[in-house]
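The next block is data10.csv, given as CSV, C-alpha atoms and all ligand atoms.
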```
chain,number,residue,atom,x,y,z
A,1,MET,CA,20.2,-16.0,6.7
A,2,ILE,CA,17.5,-17.5,9.0
A,3,ILE,CA,14.1,-18.3,7.6
A,4,ASN,CA,11.3,-19.0,10.1
A,5,GLU,CA,7.7,-20.1,9.5
A,6,LYS,CA,5.4,-19.9,12.6
A,7,GLU,CA,1.7,-20.5,13.1
A,8,VAL,CA,0.7,-17.3,15.0
A,9,LEU,CA,-3.1,-17.8,15.2
A,10,ASN,CA,-5.8,-20.3,14.4
A,11,PHE,CA,-8.9,-18.4,13.2
A,12,ASN,CA,-12.1,-20.2,12.1
A,13,ASP,CA,-9.9,-23.4,11.5
A,14,LYS,CA,-7.6,-21.4,9.3
A,15,LYS,CA,-3.9,-21.2,10.2
A,16,ILE,CA,-2.5,-17.7,10.2
A,17,VAL,CA,1.2,-18.2,9.6
A,18,SER,CA,4.1,-15.6,9.7
A,19,TYR,CA,7.1,-16.0,7.4
A,20,ASN,CA,10.3,-14.3,8.5
A,21,VAL,CA,13.7,-13.9,7.1
A,22,SER,CA,16.6,-12.3,8.9
A,23,PHE,CA,20.0,-11.7,7.2
A,24,GLU,CA,23.4,-11.7,8.9
A,25,ASN,CA,23.5,-7.9,8.4
A,26,GLY,CA,20.4,-7.5,10.6
A,27,PHE,CA,17.9,-6.8,7.7
A,28,GLU,CA,14.6,-8.5,8.6
A,29,PHE,CA,11.3,-9.0,6.7
A,30,GLU,CA,8.1,-10.7,7.9
A,31,ILE,CA,4.9,-11.3,6.1
A,32,LEU,CA,1.6,-13.1,6.9
A,33,ASN,CA,-0.4,-15.5,4.7
A,34,LEU,CA,-3.4,-13.4,5.9
A,35,GLY,CA,-3.8,-10.6,3.4
A,36,GLY,CA,-0.1,-10.8,2.5
A,37,VAL,CA,0.3,-8.4,5.4
A,38,ILE,CA,3.9,-7.1,5.9
A,39,THR,CA,4.4,-6.9,9.7
A,40,LYS,CA,8.1,-6.2,9.8
A,41,ILE,CA,10.8,-4.5,7.9
A,42,VAL,CA,13.7,-4.0,10.2
A,43,THR,CA,16.6,-1.7,9.2
A,44,PRO,CA,19.4,0.1,11.0
A,45,ASP,CA,19.4,3.8,12.0
A,46,LYS,CA,22.6,6.0,11.9
A,47,ASP,CA,23.7,4.4,15.2
A,48,ASN,CA,23.1,0.8,13.9
A,49,ASN,CA,20.0,0.4,16.0
A,50,PHE,CA,17.8,-2.2,14.2
A,51,GLU,CA,14.1,-1.2,14.5
A,52,ASN,CA,10.8,-1.9,12.7
A,53,ILE,CA,10.0,0.8,10.1
A,54,VAL,CA,6.4,-0.4,9.3
A,55,VAL,CA,3.3,0.3,11.4
A,56,GLY,CA,1.6,-2.7,12.9
A,57,TYR,CA,-0.7,-3.9,15.6
A,58,ASP,CA,0.3,-5.1,19.0
A,59,ASP,CA,-2.2,-8.1,19.0
A,60,ILE,CA,-2.0,-10.4,16.0
A,61,LYS,CA,-5.7,-10.9,16.2
A,62,SER,CA,-6.1,-7.2,15.1
A,63,TYR,CA,-5.0,-8.3,11.6
A,64,ILE,CA,-8.1,-10.3,11.2
A,65,GLU,CA,-10.2,-7.2,10.8
A,66,ASN,CA,-7.3,-4.9,10.0
A,67,PRO,CA,-9.6,-1.9,9.5
A,68,SER,CA,-6.7,0.3,8.3
A,69,TYR,CA,-5.3,-2.3,5.9
A,70,PHE,CA,-1.9,-2.3,7.7
A,71,GLY,CA,0.7,-3.9,5.4
A,72,ALA,CA,-1.9,-5.6,3.2
A,73,ILE,CA,-2.2,-6.6,-0.4
A,74,ILE,CA,-5.2,-4.6,-1.8
A,75,GLY,CA,-7.4,-5.9,-4.6
A,76,ARG,CA,-9.2,-6.6,-6.9
A,77,THR,CA,-9.0,-2.8,-7.1
A,78,SER,CA,-7.3,-0.1,-5.0
A,79,GLY,CA,-8.9,3.1,-3.8
A,80,ARG,CA,-12.5,4.0,-4.4
A,81,ILE,CA,-14.7,3.0,-7.4
A,82,TYR,CA,-17.0,6.0,-7.6
A,83,ASN,CA,-20.6,5.2,-6.6
A,84,GLY,CA,-19.6,1.5,-6.3
A,85,LYS,CA,-20.7,0.7,-9.9
A,86,PHE,CA,-19.2,0.3,-13.3
A,87,ILE,CA,-20.2,-0.8,-16.8
A,88,LEU,CA,-17.9,-3.2,-18.7
A,89,GLU,CA,-18.7,-4.5,-22.2
A,90,GLY,CA,-22.3,-3.3,-21.8
A,91,ASN,CA,-22.8,-5.0,-18.5
A,92,GLU,CA,-23.4,-3.0,-15.3
A,93,PHE,CA,-21.9,-4.2,-12.1
A,94,ASP,CA,-23.0,-3.1,-8.6
A,95,LEU,CA,-20.4,-3.4,-5.9
A,96,ALA,CA,-20.5,-3.1,-2.1
A,97,LYS,CA,-20.4,0.5,-1.0
A,98,ASN,CA,-18.1,-0.2,1.9
A,99,TYR,CA,-16.6,3.3,1.4
A,100,ASN,CA,-20.1,4.8,1.2
A,101,PRO,CA,-21.1,6.0,-1.4
A,102,HIS,CA,-18.2,4.2,-3.1
A,103,ASN,CA,-16.6,0.8,-3.3
A,104,GLY,CA,-13.2,0.8,-1.7
A,105,HIS,CA,-10.1,-1.5,-1.7
A,106,GLY,CA,-11.9,-4.5,-3.3
A,107,GLY,CA,-15.1,-4.4,-1.2
A,108,ASN,CA,-16.1,-6.0,2.1
A,109,LYS,CA,-13.8,-9.0,1.6
A,110,GLY,CA,-10.9,-7.8,-0.5
A,111,PHE,CA,-7.6,-9.4,-1.1
A,112,ASN,CA,-6.5,-8.2,2.4
A,113,LYS,CA,-8.9,-10.8,3.9
A,114,LYS,CA,-7.7,-13.7,1.8
A,115,ILE,CA,-5.5,-16.5,3.2
A,116,TRP,CA,-2.8,-16.7,0.5
A,117,ASP,CA,-0.7,-19.7,-0.4
A,118,VAL,CA,2.9,-18.9,0.4
A,119,GLU,CA,5.9,-20.5,-1.2
A,120,VAL,CA,9.3,-19.6,0.3
A,121,ILE,CA,12.2,-19.9,-2.2
A,122,LYS,CA,15.7,-19.4,-0.8
A,123,GLY,CA,18.3,-17.9,-3.1
A,124,ASP,CA,21.8,-16.4,-2.9
A,125,ASN,CA,21.5,-13.6,-0.4
A,126,LYS,CA,17.8,-13.3,-1.1
A,127,VAL,CA,14.5,-15.0,-0.4
A,128,ASP,CA,11.4,-15.0,-2.6
A,129,PHE,CA,8.0,-15.1,-0.8
A,130,LYS,CA,5.7,-16.1,-3.6
A,131,LEU,CA,2.0,-15.5,-2.6
A,132,THR,CA,-0.7,-16.9,-4.8
A,133,THR,CA,-4.5,-17.1,-4.6
A,134,LYS,CA,-7.6,-17.2,-6.7
A,135,SER,CA,-10.6,-14.8,-7.0
A,136,PHE,CA,-13.7,-16.3,-8.4
A,137,ASP,CA,-16.2,-15.0,-10.9
A,138,MET,CA,-18.5,-12.5,-9.2
A,139,GLU,CA,-16.5,-12.5,-6.0
A,140,GLU,CA,-17.3,-9.1,-4.5
A,141,SER,CA,-19.4,-8.6,-7.7
A,142,PHE,CA,-16.4,-8.4,-10.0
A,143,PRO,CA,-16.5,-10.6,-13.2
A,144,GLY,CA,-13.9,-13.2,-14.1
A,145,ASN,CA,-12.0,-16.0,-12.5
A,146,LEU,CA,-8.5,-14.7,-11.5
A,147,ASP,CA,-5.2,-16.3,-10.8
A,148,ILE,CA,-3.1,-13.9,-8.8
A,149,CYS,CA,0.6,-14.0,-7.8
A,150,VAL,CA,2.4,-11.4,-5.7
A,151,ASN,CA,6.1,-12.1,-5.3
A,152,PHE,CA,8.2,-10.4,-2.7
A,153,GLU,CA,11.9,-10.7,-3.6
A,154,VAL,CA,13.7,-9.8,-0.3
A,155,LYS,CA,17.4,-9.2,-0.9
A,156,LYS,CA,20.1,-9.0,1.8
A,157,ASP,CA,21.2,-5.5,0.6
A,158,PHE,CA,18.0,-3.9,2.1
A,159,GLU,CA,15.9,-4.2,-1.0
A,160,ILE,CA,12.3,-5.6,-1.5
A,161,ASN,CA,11.0,-6.1,-5.1
A,162,GLN,CA,7.3,-6.8,-5.5
A,163,THR,CA,5.9,-8.3,-8.7
A,164,TYR,CA,2.2,-8.5,-9.2
A,165,THR,CA,0.9,-10.9,-11.9
A,166,VAL,CA,-2.8,-11.6,-12.7
A,167,LYS,CA,-4.6,-13.6,-15.4
A,168,THR,CA,-8.3,-13.7,-16.0
A,169,ASP,CA,-10.8,-15.8,-18.0
A,170,LYS,CA,-12.9,-12.8,-18.9
A,171,THR,CA,-12.7,-9.0,-19.1
A,172,THR,CA,-12.6,-7.5,-15.6
A,173,LEU,CA,-11.0,-4.9,-13.5
A,174,VAL,CA,-7.6,-5.3,-11.7
A,175,ASN,CA,-5.7,-2.7,-9.8
A,176,LEU,CA,-3.5,-4.1,-7.0
A,177,THR,CA,-1.3,-2.3,-4.5
A,178,ASN,CA,0.4,-2.8,-1.1
A,179,HIS,CA,-0.9,-0.8,1.9
A,180,THR,CA,2.2,-0.8,4.1
A,181,TYR,CA,2.5,2.3,6.4
A,182,PHE,CA,6.1,3.3,6.7
A,183,ASN,CA,7.6,5.2,9.7
A,184,LEU,CA,11.4,5.6,9.4
A,185,SER,CA,11.8,6.8,13.0
A,186,GLY,CA,12.0,3.1,14.0
A,187,ASP,CA,9.5,1.3,16.3
A,188,LEU,CA,7.0,4.1,15.9
A,189,LYS,CA,9.0,6.6,18.0
A,190,ARG,CA,7.9,9.7,16.2
A,191,PRO,CA,5.1,10.7,13.7
A,192,VAL,CA,5.9,10.8,10.0
A,193,THR,CA,5.2,14.6,10.1
A,194,THR,CA,9.0,14.7,11.0
A,195,HIS,CA,9.9,13.0,7.7
A,196,ASN,CA,10.8,14.7,4.4
A,197,MET,CA,9.6,13.5,1.0
A,198,LYS,CA,10.5,14.1,-2.7
A,199,LEU,CA,8.0,12.9,-5.3
A,200,ASP,CA,8.4,13.6,-9.0
A,201,SER,CA,4.7,14.6,-9.7
A,202,GLU,CA,3.2,17.7,-11.3
A,203,TYR,CA,-0.5,16.7,-10.8
A,204,ILE,CA,-2.7,15.1,-8.3
A,205,LEU,CA,-6.1,13.8,-9.1
A,206,GLU,CA,-8.8,16.0,-7.6
A,207,ILE,CA,-11.1,14.4,-4.9
A,208,ASP,CA,-14.5,15.6,-3.9
A,209,GLU,CA,-16.3,15.8,-0.6
A,210,THR,CA,-16.9,12.1,-0.7
A,211,CYS,CA,-13.1,11.5,-1.2
A,212,GLY,CA,-14.0,10.1,-4.7
A,213,VAL,CA,-11.9,11.0,-7.7
A,214,THR,CA,-13.7,13.6,-9.8
A,215,GLY,CA,-11.7,12.9,-13.0
A,216,GLU,CA,-10.0,16.3,-13.0
A,217,LYS,CA,-6.2,16.9,-12.4
A,218,ILE,CA,-4.8,19.7,-10.2
A,219,ASN,CA,-1.3,21.2,-10.9
A,220,VAL,CA,0.7,20.9,-7.7
A,221,LYS,CA,2.5,24.2,-8.3
A,222,ASP,CA,2.1,26.6,-5.2
A,223,THR,CA,0.1,23.9,-3.4
A,224,PRO,CA,0.8,21.7,-0.3
A,225,PHE,CA,1.1,18.8,-2.9
A,226,ASP,CA,4.3,20.1,-4.5
A,227,PHE,CA,7.0,17.6,-3.4
A,228,ARG,CA,9.1,18.0,-6.6
A,229,ASN,CA,11.8,19.3,-4.3
A,230,LEU,CA,12.5,17.7,-0.9
A,231,HIS,CA,9.9,19.0,1.6
A,232,ASN,CA,8.8,18.2,5.1
A,233,ILE,CA,5.6,16.2,5.3
A,234,GLY,CA,4.2,17.9,8.4
A,235,ASP,CA,4.8,21.5,7.2
A,236,ARG,CA,1.6,21.8,5.0
A,237,ILE,CA,-0.4,18.7,6.1
A,238,ASP,CA,-3.0,20.8,7.9
A,239,SER,CA,-2.9,23.8,5.7
A,240,ASP,CA,-6.0,25.8,4.6
A,241,ASN,CA,-6.1,24.1,1.2
A,242,TYR,CA,-9.5,22.7,0.1
A,243,GLN,CA,-8.0,19.4,-1.1
A,244,ILE,CA,-6.1,18.9,2.1
A,245,LYS,CA,-9.2,19.6,4.1
A,246,LEU,CA,-11.2,17.1,2.0
A,247,GLY,CA,-8.6,14.4,2.7
A,248,ASN,CA,-8.0,15.5,6.3
A,249,GLY,CA,-4.3,15.5,5.2
A,250,TYR,CA,-2.7,13.7,2.3
A,251,ASP,CA,-5.0,11.0,0.8
A,252,HIS,CA,-4.6,11.8,-2.9
A,253,PRO,CA,-3.5,10.1,-6.1
A,254,PHE,CA,-0.3,11.7,-7.5
A,255,LEU,CA,0.4,11.2,-11.2
A,256,LEU,CA,4.0,10.1,-11.5
A,257,ASN,CA,6.4,11.5,-14.1
A,258,ASN,CA,8.7,9.3,-16.0
A,259,THR,CA,11.2,8.7,-13.2
A,260,ARG,CA,8.4,7.1,-11.1
A,261,GLU,CA,10.5,7.4,-8.0
A,262,ILE,CA,9.5,8.4,-4.5
A,263,TYR,CA,12.0,9.4,-1.8
A,264,LEU,CA,11.4,9.4,2.0
A,265,GLU,CA,13.9,10.3,4.8
A,266,ASP,CA,13.9,10.8,8.5
A,267,ASP,CA,16.4,13.5,9.5
A,268,ILE,CA,16.9,12.2,13.0
A,269,SER,CA,17.4,8.4,12.4
A,270,LYS,CA,19.0,9.2,9.0
A,271,ARG,CA,17.0,6.3,7.6
A,272,CYS,CA,16.0,6.8,3.9
A,273,MET,CA,14.0,4.8,1.4
A,274,THR,CA,13.3,5.0,-2.3
A,275,ILE,CA,10.3,3.5,-4.0
A,276,ASN,CA,10.4,2.8,-7.7
A,277,THR,CA,7.4,1.5,-9.6
A,278,SER,CA,6.0,0.6,-13.0
A,279,GLN,CA,2.7,2.1,-11.9
A,280,GLU,CA,1.5,5.5,-13.2
A,281,VAL,CA,0.0,6.7,-9.9
A,282,VAL,CA,0.8,6.6,-6.2
A,283,VAL,CA,-1.8,7.4,-3.5
A,284,VAL,CA,0.0,9.0,-0.7
A,285,TYR,CA,-2.0,8.5,2.5
A,286,SER,CA,-0.7,10.2,5.7
A,287,MET,CA,-2.7,8.0,8.2
A,288,ASN,CA,-5.3,10.8,8.8
A,289,PHE,CA,-7.7,8.5,10.7
A,290,THR,CA,-7.1,6.0,13.5
A,291,ASP,CA,-8.9,2.7,14.2
A,292,ASP,CA,-9.4,1.5,17.8
A,293,CYS,CA,-6.6,-1.1,17.7
A,294,VAL,CA,-3.4,-0.9,19.7
A,295,LEU,CA,-0.2,-0.5,17.8
A,296,TYR,CA,3.0,-2.4,18.8
A,297,ASN,CA,4.2,0.8,20.6
A,298,LYS,CA,1.2,0.2,22.9
A,299,LYS,CA,-0.5,3.3,21.7
A,300,THR,CA,-3.9,3.7,20.1
A,301,ASN,CA,-3.3,7.3,18.8
A,302,GLN,CA,-2.2,6.3,15.3
A,303,LYS,CA,-2.9,9.6,13.5
A,304,ARG,CA,0.1,10.6,11.3
A,305,PHE,CA,2.2,7.6,12.6
A,306,GLY,CA,2.6,6.1,9.2
A,307,ILE,CA,2.6,7.0,5.5
A,308,CYS,CA,1.4,4.8,2.7
A,309,PHE,CA,2.6,4.8,-0.9
A,310,GLU,CA,-0.1,2.9,-2.7
A,311,THR,CA,1.3,2.6,-6.1
A,312,GLN,CA,-1.5,1.7,-8.6
A,313,ALA,CA,-3.5,2.7,-11.7
A,314,PRO,CA,-5.6,5.8,-11.1
A,315,PRO,CA,-8.7,5.0,-8.9
A,316,ILE,CA,-11.9,4.9,-11.0
A,317,GLY,CA,-13.6,8.2,-10.5
A,318,LYS,CA,-16.8,10.0,-11.4
A,319,ASN,CA,-18.4,9.0,-14.7
A,320,MET,CA,-16.1,6.0,-14.7
A,321,SER,CA,-13.1,8.2,-15.3
A,322,PHE,CA,-9.9,6.3,-15.6
A,323,ILE,CA,-11.7,2.9,-15.8
A,324,GLU,CA,-9.7,2.0,-18.9
A,325,ASN,CA,-6.5,2.0,-16.8
A,326,SER,CA,-7.9,-0.9,-14.7
A,327,ILE,CA,-9.3,-3.1,-17.4
A,328,LEU,CA,-7.8,-6.6,-17.9
A,329,LYS,CA,-8.9,-8.7,-20.8
A,330,LYS,CA,-8.8,-12.5,-21.2
A,331,ASP,CA,-5.8,-12.6,-23.5
A,332,GLU,CA,-3.8,-10.1,-21.4
A,333,THR,CA,-1.5,-10.5,-18.4
A,334,TYR,CA,-1.6,-7.9,-15.6
A,335,ILE,CA,2.0,-7.4,-14.5
A,336,GLN,CA,3.3,-4.5,-12.3
A,337,ASN,CA,6.4,-3.9,-10.2
A,338,THR,CA,7.2,-1.8,-7.1
A,339,SER,CA,10.5,-1.9,-5.3
A,340,TYR,CA,11.7,-0.5,-2.0
A,341,LYS,CA,15.4,0.3,-1.2
A,342,PHE,CA,16.5,1.2,2.3
A,343,PHE,CA,19.7,3.0,3.2
A,344,ILE,CA,21.3,5.5,5.6
A,345,LYS,CA,21.7,9.2,4.6
B,401,LIG,C1,-9.0,6.0,4.4
B,401,LIG,O1,-9.3,7.4,2.5
B,401,LIG,C2,-8.4,6.6,3.2
B,401,LIG,C3,-7.9,5.4,2.3
B,401,LIG,O2,-7.2,6.0,1.2
B,401,LIG,C4,-7.1,4.5,3.1
B,401,LIG,O3,-6.6,3.5,2.2
B,401,LIG,C5,-7.9,3.9,4.2
B,401,LIG,O4,-8.3,5.0,5.1
B,401,LIG,C6,-7.1,3.0,5.1
B,401,LIG,O5,-10.3,5.5,4.1
```

Serialized structure, structure tokens:
Amino acid sequence: MIINEKEVLNFNDKKIVSYNVSFENGFEFEILNLGGVITKIVTPDKDNNFENIVVGYDDIKSYIENPSYFGAIIGRTSGRIYNGKFILEGNEFDLAKNYNPHNGHGGNKGFNKKIWDVEVIKGDNKVDFKLTTKSFDMEESFPGNLDICVNFEVKKDFEINQTYTVKTDKTTLVNLTNHTYFNLSGDLKRPVTTHNMKLDSEYILEIDETCGVTGEKINVKDTPFDFRNLHNIGDRIDSDNYQIKLGNGYDHPFLLNNTREIYLEDDISKRCMTINTSQEVVVVYSMNFTDDCVLYNKKTNQKRFGICFETQAPPIGKNMSFIENSILKKDETYIQNTSYKFFIK
């Protein structure tokens, strides 16, 4: 295996560094210290063409703003916190309403904007990329000093295991995820509407017209959200379903059943992946909006060119619904895992 560290940008006197591992079998992974952004996951298609299966920008400078959170670690919290406020132990906290009228993805300067410390630990047929950082008391108006570690164990046999660990010195909210957009066609050849997905989930969390979670569940039976059997992603993505219209596609938290496994395949390249997680929810986001940045396929039309599986606790909805799922107390350790496995059908 070849491990490569490279300064790719100097921004405000901060070094943006990429960390890359490529194995003898062609599997390749690359991550930035900026936001823990995954810029490359390279796997073979049925004809052994090795191509990138994550969405990314053409110009590395686009990752400074990264309006779509490509590949980034999301925190302190994921998704929207309804009305950008919460009450914890009798104290009210007012957050940035960057997802007006809600707070989203940790606020104006969430974990996707941090320059993480990166330790590269070489093992037998694997490399651990150990990302650590701190978040200080009242940073983005959240209480508590946090020590955060996100470890990416990248194994030669096309596997990536993420472990998220957080400790706090006072009761706070923590709900981390990864915001990688996957596209199994390889090098963004085709939109993900050509992919098929299987997801063991009977309920989604209802969103309202502000895309905030209402606190109610909706059974997926006879809806475009039923992926309990393998189903094409594009088939119902623009259907006349109220929740689909509110999200402008898929942008909903799915409550995972006990298997907590998601399967994605591309019938043309025959690339497949499974996601397994300790988390109780996955927000499936079908890239329903585009930002103005150019992708590495030199295109700006990004709509539906990626799909995110934001494994997490349920977003905090109306009337602080689900807040208990994101509370971390001083004597507790937040620890969650999500793994990716890539293979050919
Ligand atoms: C949109 O509503 C979606 C979010 O879920 C997503 O994370 C973001 O775009 C990138 O706001």

* To do: Identify, counting only C-alpha atoms and all ligand atoms, the protein, DNA and RNA residues located within 6 Å of ligand LIG 401 (chain B), and give them as a list in words.
  =>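 Sorted by chain and then by number, the residues are Ser68, Tyr69, Asp251 and Tyr285 of chain A.
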
Output C-alpha atoms for every residue in the selection just made, as a PDB file, in the frame of the given file.
```
ATOM      1  CA  SER A  68      -6.700   0.300   8.300  1.00  0.00           C
ATOM      2  CA  TYR A  69      -5.300  -2.300   5.900  1.00  0.00           C
ATOM      3  CA  ASP A 251      -5.000  11.000   0.800  1.00  0.00           C
ATOM      4  CA  TYR A 285      -2.000   8.500   2.500  1.00  0.00           C
TER       5      TYR A 285
END
```

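Put simply, atom CA of Asp94 of chain A is 26.0 Å away from atom CA of Cys149 of chain A.
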
* Hey, what's within 12 Å of segment 118-128 of chain A if we count all atoms listed in the file and toss same-chain stuff fewer than 4 positions away? As an MDAnalysis selection string, please? -> chainID A and resid 1:5 16:25 27:37 114 132:133 149:163

* So how far away is atom CA of Leu256 of chain A from atom CA of Gly212 of chain A, in Å? ->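 Computing it gives 19.2 Å between the two atoms.
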
* Structure fact -> A straight line from atom CA of Ile344 of chain A to atom CA of Asp200 of chain A spans 21.1 Å

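Shortest atom-to-atom contact with Lys170 of chain A among A:Gly144, A:Pro67, A:Pro191, A:Pro314: A:Gly144, counting all atoms listed in the file.
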
* **Counting only C-alpha atoms, the residue of A:Asn10, A:Asn248, A:Asn83, A:Ser278 that sits nearest Val213 of chain A** => A:Asn83

* Asked: Within 9 Å of Asp147 of chain A, counting only C-alpha atoms, which residues qualify if same-chain residues fewer than 2 places away don't, as a list in words?
  ->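 That gives Thr132, Thr133, Lys134, Ser135, Phe136, Asn145, Cys149, Thr165, Val166, Lys167 and Thr168 of chain A.
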
* Structure fact -> Using all atoms listed in the file, the shortest atom-to-atom distance to Asn12 of chain A among A:Ile81, A:Ile204, A:Val42, A:Ile115 belongs to A:Ile115

* To do: Using only C-alpha atoms, determine which residues lie at most 7 Å from Gly84 of chain A, disregarding the query and same-chain residues fewer than 4 positions distant; provide the list as a PyMOL selection string.
  => chain A and resi 94-97+101-103

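If you measure from each of A:Phe254, A:Asp235, A:Asp187, A:Gln312 to Ile218 of chain A using all atoms listed in the file, the closest one turns out to be A:Phe254.
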
* Find the residue from A:Asn175, A:Asn319, A:Thr338, A:Thr300 that sits nearest to Thr274 of chain A; use all atoms listed in the file when measuring. => A:Thr338

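Of the listed residues (A:Arg304, A:Lys329, A:Arg236, A:Arg271), A:Arg271 comes nearest to Lys341 of chain A; the distances count only C-alpha atoms.
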
* Neighbourhood query: residues within 7 Å of (-0.4, 12.4, 5.7), file coordinates, counting only C-alpha atoms; return as an MDAnalysis selection string. => chainID A and resid 237 249:251 285:288 304 307

* Asked: Near segment 51-66 of chain A, counting all atoms listed in the file, which residues have an atom at most 6 Å away, once you skip same-chain residues fewer than 3 positions from it, shown as a list in words?
  ->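 Counting only the stated atoms, we get Thr39, Lys40, Ile41, Val42, Thr43, Tyr69, Tyr181, Phe182, Asn183, Leu184, Gly186, Asp187, Val294, Leu295 and Tyr296 of chain A.
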
Missing atoms in segment 281-287 of chain A: can you complete it with all heavy atoms, as a PDB file, in the frame of the given file?
```pdb
ATOM      1  N   VAL A 281       0.537   5.912 -10.952  1.00  0.00           N
ATOM      2  CA  VAL A 281       0.000   6.700  -9.900  1.00  0.00           C
ATOM      3  C   VAL A 281       0.493   6.180  -8.526  1.00  0.00           C
ATOM      4  O   VAL A 281       0.740   4.970  -8.398  1.00  0.00           O
ATOM      5  CB  VAL A 281      -1.557   6.703  -9.905  1.00  0.00           C
ATOM      6  CG1 VAL A 281      -2.185   7.074  -8.570  1.00  0.00           C
ATOM      7  CG2 VAL A 281      -2.081   7.629 -11.010  1.00  0.00           C
ATOM      8  N   VAL A 282       0.628   7.085  -7.547  1.00  0.00           N
ATOM      9  CA  VAL A 282       0.800   6.600  -6.200  1.00  0.00           C
ATOM     10  C   VAL A 282      -0.157   7.428  -5.290  1.00  0.00           C
ATOM     11  O   VAL A 282      -0.217   8.664  -5.367  1.00  0.00           O
ATOM     12  CB  VAL A 282       2.265   6.814  -5.669  1.00  0.00           C
ATOM     13  CG1 VAL A 282       2.735   8.269  -5.719  1.00  0.00           C
ATOM     14  CG2 VAL A 282       2.417   6.263  -4.254  1.00  0.00           C
ATOM     15  N   VAL A 283      -0.976   6.697  -4.535  1.00  0.00           N
ATOM     16  CA  VAL A 283      -1.800   7.400  -3.500  1.00  0.00           C
ATOM     17  C   VAL A 283      -0.993   7.520  -2.281  1.00  0.00           C
ATOM     18  O   VAL A 283      -0.519   6.527  -1.724  1.00  0.00           O
ATOM     19  CB  VAL A 283      -3.110   6.570  -3.246  1.00  0.00           C
ATOM     20  CG1 VAL A 283      -3.844   7.149  -2.034  1.00  0.00           C
ATOM     21  CG2 VAL A 283      -4.026   6.556  -4.469  1.00  0.00           C
ATOM     22  N   VAL A 284      -0.727   8.767  -1.908  1.00  0.00           N
ATOM     23  CA  VAL A 284       0.000   9.000  -0.700  1.00  0.00           C
ATOM     24  C   VAL A 284      -1.028   9.261   0.423  1.00  0.00           C
ATOM     25  O   VAL A 284      -1.872  10.158   0.297  1.00  0.00           O
ATOM     26  CB  VAL A 284       0.923  10.264  -0.804  1.00  0.00           C
ATOM     27  CG1 VAL A 284       1.637  10.549   0.525  1.00  0.00           C
ATOM     28  CG2 VAL A 284       1.952  10.040  -1.914  1.00  0.00           C
ATOM     29  N   TYR A 285      -0.991   8.420   1.447  1.00  0.00           N
ATOM     30  CA  TYR A 285      -2.000   8.500   2.500  1.00  0.00           C
ATOM     31  C   TYR A 285      -1.241   8.695   3.850  1.00  0.00           C
ATOM     32  O   TYR A 285      -0.434   7.859   4.244  1.00  0.00           O
ATOM     33  CB  TYR A 285      -2.835   7.244   2.574  1.00  0.00           C
ATOM     34  CG  TYR A 285      -3.786   7.206   3.746  1.00  0.00           C
ATOM     35  CD1 TYR A 285      -4.688   8.241   3.973  1.00  0.00           C
ATOM     36  CD2 TYR A 285      -3.778   6.131   4.650  1.00  0.00           C
ATOM     37  CE1 TYR A 285      -5.558   8.227   5.064  1.00  0.00           C
ATOM     38  CE2 TYR A 285      -4.639   6.111   5.734  1.00  0.00           C
ATOM     39  CZ  TYR A 285      -5.532   7.163   5.927  1.00  0.00           C
ATOM     40  OH  TYR A 285      -6.389   7.134   7.002  1.00  0.00           O
ATOM     41  N   SER A 286      -1.514   9.809   4.522  1.00  0.00           N
ATOM     42  CA  SER A 286      -0.700  10.200   5.700  1.00  0.00           C
ATOM     43  C   SER A 286      -1.413   9.768   7.017  1.00  0.00           C
ATOM     44  O   SER A 286      -1.300  10.451   8.036  1.00  0.00           O
ATOM     45  CB  SER A 286      -0.471  11.689   5.718  1.00  0.00           C
ATOM     46  OG  SER A 286      -1.681  12.427   5.576  1.00  0.00           O
ATOM     47  N   MET A 287      -2.104   8.642   6.973  1.00  0.00           N
ATOM     48  CA  MET A 287      -2.700   8.000   8.200  1.00  0.00           C
ATOM     49  C   MET A 287      -3.521   9.104   8.933  1.00  0.00           C
ATOM     50  O   MET A 287      -3.228   9.449  10.074  1.00  0.00           O
ATOM     51  CB  MET A 287      -1.631   7.443   9.077  1.00  0.00           C
ATOM     52  CG  MET A 287      -2.123   6.367   9.998  1.00  0.00           C
ATOM     53  SD  MET A 287      -0.741   5.450  10.673  1.00  0.00           S
ATOM     54  CE  MET A 287      -1.652   4.196  11.583  1.00  0.00           C
TER      55      MET A 287
END
```
